[in-house]
file run_30.pdb (PDB, C-alpha atoms, pLDDT in the B column)
ATOM      1  CA  MET Z  29     119.550  96.279 100.756  1.00 72.00           C
ATOM      2  CA  MET Z  30     117.489  99.050  99.203  1.00 88.00           C
ATOM      3  CA  TRP Z  31     119.661  99.008  96.074  1.00 92.00           C
ATOM      4  CA  PHE Z  32     118.531  95.429  95.412  1.00 93.00           C
ATOM      5  CA  HIS Z  33     114.883  96.343  96.021  1.00 94.00           C
ATOM      6  CA  ARG Z  34     115.091  99.190  93.485  1.00 95.00           C
ATOM      7  CA  LEU Z  35     116.989  97.086  90.946  1.00 96.00           C
ATOM      8  CA  ALA Z  36     114.503  94.225  91.247  1.00 95.00           C
ATOM      9  CA  ASN Z  37     111.551  96.579  90.699  1.00 97.00           C
ATOM     10  CA  PHE Z  38     113.245  98.149  87.678  1.00 97.00           C
ATOM     11  CA  LEU Z  39     113.790  94.734  86.092  1.00 97.00           C
ATOM     12  CA  LEU Z  40     110.281  93.625  86.985  1.00 97.00           C
ATOM     13  CA  ARG Z  41     108.787  96.675  85.244  1.00 97.00           C
ATOM     14  CA  LEU Z  42     110.741  95.877  82.081  1.00 97.00           C
ATOM     15  CA  ILE Z  43     109.713  92.217  82.099  1.00 97.00           C
ATOM     16  CA  LEU Z  44     106.074  92.778  83.012  1.00 97.00           C
ATOM     17  CA  ARG Z  45     105.601  95.532  80.439  1.00 96.00           C
ATOM     18  CA  THR Z  46     106.923  93.078  77.829  1.00 97.00           C
ATOM     19  CA  LEU Z  47     104.733  90.137  78.855  1.00 97.00           C
ATOM     20  CA  LEU Z  48     101.527  92.024  79.725  1.00 98.00           C
ATOM     21  CA  ARG Z  49      99.200  94.621  78.260  1.00 97.00           C
ATOM     22  CA  LEU Z  50      98.880  96.466  81.523  1.00 97.00           C
ATOM     23  CA  THR Z  51      96.525  99.296  82.376  1.00 97.00           C
ATOM     24  CA  ILE Z  52      96.707 101.053  85.746  1.00 97.00           C
ATOM     25  CA  GLN Z  53      93.928 103.294  87.016  1.00 97.00           C
ATOM     26  CA  ASP Z  54      94.276 106.097  89.584  1.00 97.00           C
ATOM     27  CA  MET Z  55      97.919 105.571  90.519  1.00 97.00           C
ATOM     28  CA  GLU Z  56      97.839 109.089  91.968  1.00 97.00           C
ATOM     29  CA  ASN Z  57      95.759 107.766  94.893  1.00 97.00           C
ATOM     30  CA  THR Z  58      98.940 106.297  96.388  1.00 97.00           C
ATOM     31  CA  PRO Z  59      99.980 108.346  99.473  1.00 96.00           C
ATOM     32  CA  ALA Z  60     103.543 109.578  99.154  1.00 93.00           C
ATOM     33  CA  THR Z  61     104.542 109.544 102.821  1.00 91.00           C
ATOM     34  CA  ASP Z  62     101.870 107.910 105.035  1.00 90.00           C
ATOM     35  CA  THR Z  63     102.503 104.766 107.015  1.00 96.00           C
ATOM     36  CA  LEU Z  64     100.793 102.475 104.533  1.00 98.00           C
ATOM     37  CA  ILE Z  65      99.215  99.039 104.214  1.00 98.00           C
ATOM     38  CA  VAL Z  66      98.564  98.132 100.583  1.00 98.00           C
ATOM     39  CA  ALA Z  67      95.713  95.603 100.448  1.00 98.00           C
ATOM     40  CA  ILE Z  68      95.490  93.476  97.297  1.00 98.00           C
ATOM     41  CA  ASN Z  69      93.404  90.585  96.048  1.00 97.00           C
ATOM     42  CA  HIS Z  70      95.412  87.484  95.210  1.00 95.00           C
ATOM     43  CA  ALA Z  71      94.643  85.321  92.177  1.00 94.00           C
ATOM     44  CA  SER Z  72      98.157  84.904  90.750  1.00 94.00           C
ATOM     45  CA  PHE Z  73     101.833  85.111  91.681  1.00 93.00           C
ATOM     46  CA  LEU Z  74     101.882  88.224  89.491  1.00 96.00           C
ATOM     47  CA  ASP Z  75      99.650  90.288  91.782  1.00 97.00           C
ATOM     48  CA  PRO Z  76     102.237  91.214  94.444  1.00 95.00           C
ATOM     49  CA  LEU Z  77     104.940  91.635  91.776  1.00 96.00           C
ATOM     50  CA  LEU Z  78     102.813  94.130  89.847  1.00 97.00           C
ATOM     51  CA  THR Z  79     101.902  96.078  92.965  1.00 98.00           C
ATOM     52  CA  GLY Z  80     105.430  96.292  94.307  1.00 97.00           C
ATOM     53  CA  ALA Z  81     106.964  97.156  90.946  1.00 97.00           C
ATOM     54  CA  PHE Z  82     104.540  99.823  89.751  1.00 98.00           C
ATOM     55  CA  LEU Z  83     103.176 101.685  92.773  1.00 97.00           C
ATOM     56  CA  PRO Z  84     105.261 104.811  93.472  1.00 96.00           C
ATOM     57  CA  ARG Z  85     106.306 103.698  96.966  1.00 95.00           C
ATOM     58  CA  THR Z  86     108.892 101.336  98.410  1.00 96.00           C
ATOM     59  CA  ILE Z  87     106.654  98.488  99.576  1.00 97.00           C
ATOM     60  CA  MET Z  88     107.725  95.427 101.545  1.00 97.00           C
ATOM     61  CA  PRO Z  89     105.521  92.347 101.001  1.00 96.00           C
ATOM     62  CA  LEU Z  90     104.337  89.621 103.288  1.00 94.00           C
ATOM     63  CA  SER Z  91     105.163  86.344 101.503  1.00 91.00           C
ATOM     64  CA  LYS Z  92     104.495  82.727 102.363  1.00 88.00           C
ATOM     65  CA  ALA Z  93     107.334  81.226 104.375  1.00 87.00           C
ATOM     66  CA  GLU Z  94     107.712  78.222 102.075  1.00 84.00           C
ATOM     67  CA  LEU Z  95     109.208  80.435  99.363  1.00 80.00           C
ATOM     68  CA  PHE Z  96     112.092  81.412 101.634  1.00 85.00           C
ATOM     69  CA  LYS Z  97     113.257  77.764 101.722  1.00 83.00           C
ATOM     70  CA  THR Z  98     113.717  77.373  97.957  1.00 79.00           C
ATOM     71  CA  PRO Z  99     117.215  77.634  96.422  1.00 77.00           C
ATOM     72  CA  LEU Z 100     116.510  80.801  94.410  1.00 72.00           C
ATOM     73  CA  PHE Z 101     113.991  82.685  96.505  1.00 72.00           C
ATOM     74  CA  GLY Z 102     115.781  81.770  99.727  1.00 78.00           C
ATOM     75  CA  TRP Z 103     118.095  84.749  99.209  1.00 84.00           C
ATOM     76  CA  VAL Z 104     116.059  86.886  96.777  1.00 89.00           C
ATOM     77  CA  PHE Z 105     113.096  87.395  99.106  1.00 88.00           C
ATOM     78  CA  PRO Z 106     115.111  88.463 102.179  1.00 89.00           C
ATOM     79  CA  ALA Z 107     117.244  90.749 100.012  1.00 91.00           C
ATOM     80  CA  TYR Z 108     114.080  92.335  98.624  1.00 92.00           C
ATOM     81  CA  GLY Z 109     112.798  92.955 102.141  1.00 92.00           C
ATOM     82  CA  ALA Z 110     109.929  90.463 102.163  1.00 93.00           C
ATOM     83  CA  ILE Z 111     108.583  89.234 105.499  1.00 94.00           C
ATOM     84  CA  PRO Z 112     107.937  85.470 105.753  1.00 92.00           C
ATOM     85  CA  VAL Z 113     104.565  84.419 107.104  1.00 91.00           C
ATOM     86  CA  HIS Z 114     103.318  80.937 108.038  1.00 86.00           C
ATOM     87  CA  ARG Z 115      99.728  80.729 106.861  1.00 75.00           C
ATOM     88  CA  ASP Z 116      98.586  77.657 108.800  1.00 72.00           C
ATOM     89  CA  ALA Z 117      98.599  79.403 112.202  1.00 71.00           C
ATOM     90  CA  VAL Z 118      98.861  82.816 113.835  1.00 76.00           C
ATOM     91  CA  ASP Z 119     102.433  83.829 112.982  1.00 81.00           C
ATOM     92  CA  ARG Z 120     103.455  86.120 115.838  1.00 89.00           C
ATOM     93  CA  GLN Z 121     106.937  86.676 114.435  1.00 93.00           C
ATOM     94  CA  ALA Z 122     105.470  87.948 111.149  1.00 92.00           C
ATOM     95  CA  ILE Z 123     103.108  90.202 113.108  1.00 93.00           C
ATOM     96  CA  ARG Z 124     105.998  91.645 115.129  1.00 95.00           C
ATOM     97  CA  GLN Z 125     108.071  92.302 112.002  1.00 96.00           C
ATOM     98  CA  SER Z 126     105.112  93.898 110.250  1.00 96.00           C
ATOM     99  CA  LEU Z 127     104.338  96.140 113.213  1.00 96.00           C
ATOM    100  CA  ALA Z 128     107.981  97.233 113.424  1.00 97.00           C
ATOM    101  CA  LEU Z 129     108.020  98.086 109.723  1.00 97.00           C
ATOM    102  CA  LEU Z 130     104.813 100.102 109.957  1.00 97.00           C
ATOM    103  CA  ARG Z 131     105.903 101.917 113.108  1.00 95.00           C
ATOM    104  CA  ARG Z 132     108.918 103.144 111.137  1.00 96.00           C
ATOM    105  CA  GLY Z 133     106.468 104.797 108.747  1.00 96.00           C
ATOM    106  CA  ASP Z 134     107.096 102.364 105.883  1.00 96.00           C
ATOM    107  CA  ALA Z 135     104.701 100.561 103.502  1.00 98.00           C
ATOM    108  CA  LEU Z 136     103.600  96.922 103.777  1.00 98.00           C
ATOM    109  CA  LEU Z 137     101.924  94.785 101.109  1.00 98.00           C
ATOM    110  CA  VAL Z 138      99.203  92.436 102.411  1.00 97.00           C
ATOM    111  CA  ALA Z 139      96.869  90.001 100.652  1.00 96.00           C
ATOM    112  CA  PRO Z 140      94.022  89.799 103.204  1.00 96.00           C
ATOM    113  CA  GLU Z 141      92.622  86.594 101.695  1.00 95.00           C
ATOM    114  CA  GLY Z 142      95.698  84.810 103.027  1.00 89.00           C
ATOM    115  CA  THR Z 143      95.983  82.410 100.109  1.00 89.00           C
ATOM    116  CA  ARG Z 144      95.605  82.503  96.349  1.00 91.00           C
ATOM    117  CA  SER Z 145      92.114  82.335  94.880  1.00 93.00           C
ATOM    118  CA  GLU Z 146      91.863  79.428  92.445  1.00 89.00           C
ATOM    119  CA  ASP Z 147      89.062  80.988  90.372  1.00 90.00           C
ATOM    120  CA  GLY Z 148      90.093  84.631  90.671  1.00 91.00           C
ATOM    121  CA  GLN Z 149      87.095  85.570  92.809  1.00 95.00           C
ATOM    122  CA  LEU Z 150      87.471  87.276  96.169  1.00 97.00           C
ATOM    123  CA  GLN Z 151      87.574  84.983  99.184  1.00 97.00           C
ATOM    124  CA  ARG Z 152      86.724  85.913 102.745  1.00 96.00           C
ATOM    125  CA  GLY Z 153      89.400  88.209 104.174  1.00 96.00           C
ATOM    126  CA  ARG Z 154      91.386  87.334 107.292  1.00 94.00           C
ATOM    127  CA  SER Z 155      91.536  89.757 110.188  1.00 93.00           C
ATOM    128  CA  GLY Z 156      95.324  90.223 110.366  1.00 93.00           C
ATOM    129  CA  ILE Z 157      95.156  93.340 108.202  1.00 95.00           C
ATOM    130  CA  ALA Z 158      92.648  94.977 110.561  1.00 94.00           C
ATOM    131  CA  LEU Z 159      94.859  94.148 113.546  1.00 93.00           C
ATOM    132  CA  LEU Z 160      97.951  95.699 111.926  1.00 95.00           C
ATOM    133  CA  ALA Z 161      96.101  98.832 110.832  1.00 94.00           C
ATOM    134  CA  ALA Z 162      94.458  99.339 114.228  1.00 91.00           C
ATOM    135  CA  ARG Z 163      97.729  99.027 116.138  1.00 92.00           C
ATOM    136  CA  THR Z 164      99.694 101.407 113.901  1.00 93.00           C
ATOM    137  CA  ASP Z 165      97.104 103.903 112.631  1.00 92.00           C
ATOM    138  CA  ALA Z 166      98.291 103.015 109.130  1.00 96.00           C
ATOM    139  CA  THR Z 167      96.529 104.253 106.035  1.00 97.00           C
ATOM    140  CA  ILE Z 168      95.049 101.419 103.967  1.00 98.00           C
ATOM    141  CA  LEU Z 169      95.254 101.550 100.173  1.00 98.00           C
ATOM    142  CA  PRO Z 170      93.086  99.017  98.272  1.00 98.00           C
ATOM    143  CA  VAL Z 171      94.558  97.790  94.980  1.00 98.00           C
ATOM    144  CA  ALA Z 172      92.533  95.417  92.794  1.00 98.00           C
ATOM    145  CA  ILE Z 173      94.091  93.362  90.000  1.00 98.00           C
ATOM    146  CA  TRP Z 174      92.358  91.135  87.480  1.00 97.00           C
ATOM    147  CA  GLY Z 175      93.277  89.259  84.319  1.00 96.00           C
ATOM    148  CA  THR Z 176      96.396  87.595  85.707  1.00 95.00           C
ATOM    149  CA  GLN Z 177      94.864  84.102  85.923  1.00 92.00           C
ATOM    150  CA  SER Z 178      95.259  83.556  82.172  1.00 93.00           C
ATOM    151  CA  PHE Z 179      98.962  84.439  82.154  1.00 96.00           C
ATOM    152  CA  TRP Z 180     100.438  80.949  81.794  1.00 95.00           C
ATOM    153  CA  ARG Z 181      97.945  79.908  79.109  1.00 95.00           C
ATOM    154  CA  ASN Z 182      98.660  83.028  77.082  1.00 96.00           C
ATOM    155  CA  LEU Z 183     102.406  82.696  77.562  1.00 96.00           C
ATOM    156  CA  SER Z 184     102.325  79.146  76.183  1.00 95.00           C
ATOM    157  CA  ARG Z 185     100.682  80.603  73.062  1.00 95.00           C
ATOM    158  CA  LEU Z 186     103.167  83.499  72.909  1.00 95.00           C
ATOM    159  CA  ARG Z 187     100.413  86.012  73.645  1.00 96.00           C
ATOM    160  CA  ARG Z 188     100.560  88.995  75.942  1.00 97.00           C
ATOM    161  CA  THR Z 189      98.025  88.954  78.775  1.00 97.00           C
ATOM    162  CA  GLU Z 190      95.645  91.842  79.315  1.00 97.00           C
ATOM    163  CA  VAL Z 191      95.842  92.829  82.974  1.00 98.00           C
ATOM    164  CA  HIS Z 192      94.108  95.642  84.846  1.00 98.00           C
ATOM    165  CA  MET Z 193      95.131  97.258  88.120  1.00 98.00           C
ATOM    166  CA  ALA Z 194      92.881  99.759  89.897  1.00 98.00           C
ATOM    167  CA  VAL Z 195      94.099 101.828  92.851  1.00 98.00           C
ATOM    168  CA  GLY Z 196      91.315 102.872  95.216  1.00 98.00           C
ATOM    169  CA  GLU Z 197      90.995 105.785  97.598  1.00 97.00           C
ATOM    170  CA  PRO Z 198      93.002 105.500 100.840  1.00 97.00           C
ATOM    171  CA  PHE Z 199      91.259 105.218 104.202  1.00 96.00           C
ATOM    172  CA  ARG Z 200      92.029 104.318 107.790  1.00 94.00           C
ATOM    173  CA  ILE Z 201      90.444 102.544 110.742  1.00 92.00           C
ATOM    174  CA  ALA Z 202      88.716 104.966 113.099  1.00 86.00           C
ATOM    175  CA  MET Z 203      89.630 102.944 116.209  1.00 71.00           C
ATOM    176  CA  GLU Z 204      93.386 103.414 116.515  1.00 56.00           C
ATOM    177  CA  GLY Z 205      95.037 102.479 119.795  1.00 53.00           C
ATOM    178  CA  ARG Z 206      92.160 100.411 121.187  1.00 59.00           C
ATOM    179  CA  ARG Z 207      91.961  96.703 121.907  1.00 72.00           C
ATOM    180  CA  ILE Z 208      89.403  95.536 119.399  1.00 81.00           C
ATOM    181  CA  PRO Z 209      87.341  92.368 119.980  1.00 83.00           C
ATOM    182  CA  ARG Z 210      87.686  89.582 117.409  1.00 82.00           C
ATOM    183  CA  GLU Z 211      84.178  90.047 116.026  1.00 85.00           C
ATOM    184  CA  GLN Z 212      84.905  93.719 115.356  1.00 91.00           C
ATOM    185  CA  LEU Z 213      88.205  92.837 113.667  1.00 93.00           C
ATOM    186  CA  ASP Z 214      86.246  90.530 111.367  1.00 94.00           C
ATOM    187  CA  ALA Z 215      83.724  93.299 110.617  1.00 95.00           C
ATOM    188  CA  ILE Z 216      86.537  95.768 109.856  1.00 95.00           C
ATOM    189  CA  THR Z 217      88.166  93.222 107.560  1.00 97.00           C
ATOM    190  CA  ASP Z 218      84.923  92.799 105.626  1.00 97.00           C
ATOM    191  CA  GLU Z 219      84.670  96.578 105.215  1.00 97.00           C
ATOM    192  CA  ILE Z 220      88.213  96.617 103.818  1.00 97.00           C
ATOM    193  CA  MET Z 221      87.393  93.763 101.447  1.00 98.00           C
ATOM    194  CA  TYR Z 222      84.321  95.562 100.127  1.00 98.00           C
ATOM    195  CA  HIS Z 223      86.605  98.456  99.164  1.00 97.00           C
ATOM    196  CA  LEU Z 224      88.571  95.969  97.070  1.00 97.00           C
ATOM    197  CA  ALA Z 225      85.412  94.460  95.625  1.00 98.00           C
ATOM    198  CA  GLU Z 226      84.019  97.768  94.410  1.00 97.00           C
ATOM    199  CA  LEU Z 227      87.170  98.299  92.322  1.00 98.00           C
ATOM    200  CA  MET Z 228      86.693  94.999  90.483  1.00 98.00           C
ATOM    201  CA  PRO Z 229      84.314  93.851  87.752  1.00 97.00           C
ATOM    202  CA  PRO Z 230      81.273  92.041  89.232  1.00 97.00           C
ATOM    203  CA  GLU Z 231      82.434  88.591  88.107  1.00 96.00           C
ATOM    204  CA  TYR Z 232      85.515  88.819  90.374  1.00 97.00           C
ATOM    205  CA  ARG Z 233      83.856  90.018  93.598  1.00 97.00           C
ATOM    206  CA  GLY Z 234      83.175  86.535  94.946  1.00 97.00           C
ATOM    207  CA  VAL Z 235      81.823  86.491  98.517  1.00 97.00           C
ATOM    208  CA  TYR Z 236      81.703  90.310  98.423  1.00 98.00           C
ATOM    209  CA  GLU Z 237      79.561  90.510  95.284  1.00 97.00           C
ATOM    210  CA  ASN Z 238      76.639  92.216  97.044  1.00 96.00           C
ATOM    211  CA  LEU Z 239      77.963  95.764  97.438  1.00 96.00           C
ATOM    212  CA  ASP Z 240      74.665  96.798  99.024  1.00 95.00           C
ATOM    213  CA  GLN Z 241      75.884  95.027 102.174  1.00 94.00           C
ATOM    214  CA  ALA Z 242      79.037  97.157 102.372  1.00 95.00           C
ATOM    215  CA  THR Z 243      79.345  99.451 105.396  1.00 93.00           C
ATOM    216  CA  GLU Z 244      81.892 101.976 106.672  1.00 91.00           C
ATOM    217  CA  LYS Z 245      81.075 101.825 110.358  1.00 91.00           C
ATOM    218  CA  TYR Z 246      84.725 101.418 111.370  1.00 92.00           C
ATOM    219  CA  LEU Z 247      86.493 103.247 108.528  1.00 93.00           C
ATOM    220  CA  GLU Z 248      87.088 106.841 107.616  1.00 91.00           C
ATOM    221  CA  ARG Z 249      88.319 108.332 104.373  1.00 84.00           C
ATOM    222  CA  ARG Z 250      91.813 109.754 104.509  1.00 76.00           C
TER     223      ARG Z 250
END

call {"tool": "encode", "arguments": {"input": "run_30.pdb", "output": "structure tokens"}}
result
Amino acid sequence: MMWFHRLANFLLRLILRTLLRLTIQDMENTPATDTLIVAINHASFLDPLLTGAFLPRTIMPLSKAELFKTPLFGWVFPAYGAIPVHRDAVDRQAIRQSLALLRRGDALLVAPEGTRSEDGQLQRGRSGIALLAARTDATILPVAIWGTQSFWRNLSRLRRTEVHMAVGEPFRIAMEGRRIPREQLDAITDEIMYHLAELMPPEYRGVYENLDQATEKYLERR
């Protein structure tokens, strides 16, 4: 239902431009045709909406399975193309759907932290993103968003929220097609997360605040 996906993004852009003072940096970094994993931080429900609505690609998000059981989102999310994921265990069905999407050459939206950050600071990333990228040779595009945590407070005061989105340089994992041990998947995930951290102001970098520890042993620039 690509018509619904496009219509939803059009409406989202109208609504979000009205409610937010949004600045977007380096949108041109978005690859036009690559098989793509868009990696975002996750501090608010707005983060995936902003990314999907404004990046110049058709992007299908991974979304928590609980949302698919609600009366409204139970049909909106499938129509939009979202993939449900159960966060309390390894969700093999979500992995299979994500791999199929990427092997078609499409774009997938992933929040590597796995769950929303309560204080807006980066949490430790989970290794699912490294697994998906390694198995599909997908390009990874880091997108950092900050300012969304104050949305509800500002809305209650009829104020627009200042939100920033920064699009980083794309890269890929230099180990495509190999079975990668768990400890290496964790190391790759940390390298991906440091790419997100360097896009953000220091107060939002959380467990990745020390950029001096960042490496690129397993990554290569696109």

call {"tool": "resolve_selection", "arguments": {"input": "run_30.pdb", "expression": "the PyMOL selection byres ((chain Z and resi 141) around 7)", "output": "PyMOL selection string"}}
result
chain Z and resi 69+139-140+142-143+151-154

call {"tool": "atom_distance", "arguments": {"input": "run_30.pdb", "atom1": "CA of Ala194 in chain Z", "atom2": "CA of Leu213 in chain Z"}}
result
25.2 Å

call {"tool": "atom_distance", "arguments": {"input": "run_30.pdb", "atom1": "CA of Arg131 in chain Z", "atom2": "CA of Thr164 in chain Z"}}
result
6.3 Å

call {"tool": "atom_distance", "arguments": {"input": "run_30.pdb", "atom1": "CA of Met55 in chain Z", "atom2": "CA of Thr217 in chain Z"}}
result
23.2 Å

call {"tool": "closest_residue", "arguments": {"input": "run_30.pdb", "among": "Z:Pro106, Z:Ala158, Z:Thr167, Z:Ala225", "to": "Gln241 in chain Z", "atoms": "all atoms listed in the file"}}
result
Z:Ala225
